[in-house]
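Student: For reference, the structure I am asking about is given below.
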Amino acid sequence: MTPRSRVPAYGIRVATGVVILLCLGGCSDGAPSVLDPRSASAARIADLWWWMLGVSSVVLLVVVGMIAYAIVRGRRRTEEEARGRVPWGEPFIIIAGIVVSGIVLLVFFVVSLQTMRALAEPSEDPELTIEVVAHDWWWEARYPNGGVTANEIHIPAGEPVRLELTTADVIHSFWVPQLGPKMDMIPGRTNELVLEADDPGRYRGQCAEYCGLQHANMILFVVAQEPDAFDDWMDHEAQPAEEPTSDLSRRGREVFLGSTCAACHTIRGTPAEGALGPDLTHLASRETLAAGVLENDAGNLTLWIEAPQSVKPGATMPPTELSSDELGALVAYLSGLE
Ligand code: CUA
């Protein structure tokens, strides 16, 4: 193949790459983006990204411009140049290839370090500390008043909150793209992250460190509420479970306590004190099941109890063998745990 016939093939490859990138950009519709920041620290990260994109674009334009110049110039080079002797060739390579590139990389490095330092120093000291423990493949959140929940971290909007991040098993990484940086969750270590949301809202987060089969389904939501509403929520979360109000849900509680459920899950106010799975004391008040995989409704709850491995293969939740009457009662009980 002559060099000339390569040009269209190369052009096609570049065009395909651009189309794929545009398509991938389309995939992010509705998913959280670091370029849609909703907190001061996320805005800093987005600013850094745009700034780096700007500088990189200038570098790209200069390099592409020089390549174009070289192609045009190469066709009418002098005899001396054709023999490989370009008078200013060597100094140009040293200055443009090493000195200028080195300076650009050094500036990137210093600006990134500054951003990281700013992210580590919150403007005001957080009043509230929440312990977040990562598990294969869900998130546990423990509040200072004794409230415990899973996969949904409520915070007061407009106030910084300190998260103490650790893990019960392997390395995970806490990441809510619109609210701030990623932070690894490492066995035997507690890392801190200050989280803040400017406005009330529901912000999707994701485990950002590959942690096994269901890594992509290790989803969480940060729910930022007006401070008064948050205080009410936190008070409620510390309360024991509501007493069942119907015969069916009373029967469901018996099923829960008499089956394997109680060995892994806690429902505060009952003898169930299992610590392997999420605390279910206020399960019905959460919006999702299985760490963001299913909407929390009776149908999905039934599916999740009966066949968790069909929803989330590899999850530590085993299938629970119950008669359909028992299952119906259990779902009625759990659906009442507001
Ligand atoms: Cu947890 Cu990836």
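In the structure tokens, chains take the letters A, B, ... in the order shown, each chain's residues start at 1, and ligands count up from 1 in the order shown.
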Can you pull out every residue with an atom within 8 Å of ligand 1? Use only C-alpha atoms and all ligand atoms and format it as JSON, numbers by chain.
Tutor: {"A": [134, 135, 136, 137, 138, 170, 171, 172, 173, 206, 207, 208, 209, 210, 211, 212, 214, 215, 216, 218]}
Student: Quick one: residues within 12 Å of Asp231 in chain A, only C-alpha atoms counted, chain neighbours fewer than 2 positions away excluded, as a PyMOL selection string?
Tutor: chain A and resi 128+143+145+147+154-157+224-229+233-238
Student: For CA of Val104 in chain A and CA of Met52 in chain A, quote the distance in Å rounded to one decimal.
Tutor: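 Computing the Euclidean distance for CA of Val104 in chain A and CA of Met52 in chain A yields 10.1 Å.
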Student: Skipping near chain neighbours, those fewer than 4 positions away, what residues fall within 6 Å of Pro160 in chain A using only C-alpha atoms, listed as a list in words?
Tutor: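 Once the adjacent positions are removed, what remains is Pro126, Leu195 and Glu196 of chain A.
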Student: With N, CA and C atoms retained, export the selected residues as a short mmCIF file (atom, residue, chain, number, x, y, z; two decimals), in the first residue's frame.
Tutor:
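Just written: selection15.cif:
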data_model
loop_
_atom_site.label_atom_id
_atom_site.label_comp_id
_atom_site.auth_asym_id
_atom_site.auth_seq_id
_atom_site.Cartn_x
_atom_site.Cartn_y
_atom_site.Cartn_z
N PRO A 126 -17.41 20.97 59.15
CA PRO A 126 -18.73 20.34 59.12
C PRO A 126 -19.24 20.01 60.53
N LEU A 195 -18.59 16.47 51.94
CA LEU A 195 -19.58 16.48 50.86
C LEU A 195 -20.53 17.64 51.10
N GLU A 196 -20.87 18.32 50.02
CA GLU A 196 -21.82 19.42 50.15
C GLU A 196 -22.63 19.52 48.87
#
Student: Mind listing the alpha helix (DSSP H) residues of range 134-257 of chain A, per DSSP on the backbone, as a CSV table (one decimal) with C-alpha atoms, in the first residue's frame?
Tutor:
chain,number,residue,atom,x,y,z
A,227,PRO,CA,-32.1,21.5,56.8
A,228,ASP,CA,-35.4,21.3,58.7
A,229,ALA,CA,-36.6,18.4,56.6
A,230,PHE,CA,-33.3,16.7,57.0
A,231,ASP,CA,-33.5,17.0,60.8
A,232,ASP,CA,-36.9,15.4,60.8
A,233,TRP,CA,-35.6,12.6,58.5
A,234,MET,CA,-32.7,11.9,60.8
A,235,ASP,CA,-34.9,11.9,63.9
A,236,HIS,CA,-37.2,9.4,62.2
A,237,GLU,CA,-34.3,7.3,61.0
A,238,ALA,CA,-33.1,6.7,64.6
A,247,ASP,CA,-52.8,-9.4,60.7
A,248,LEU,CA,-51.1,-10.0,57.3
A,249,SER,CA,-48.1,-7.8,58.3
A,250,ARG,CA,-47.9,-9.3,61.8
A,251,ARG,CA,-47.7,-12.7,60.1
A,252,GLY,CA,-45.0,-11.2,57.8
A,253,ARG,CA,-43.0,-10.2,60.9
A,254,GLU,CA,-43.1,-13.8,62.2
A,255,VAL,CA,-42.0,-15.0,58.8
A,256,PHE,CA,-39.1,-12.6,58.8
A,257,LEU,CA,-38.0,-13.5,62.3
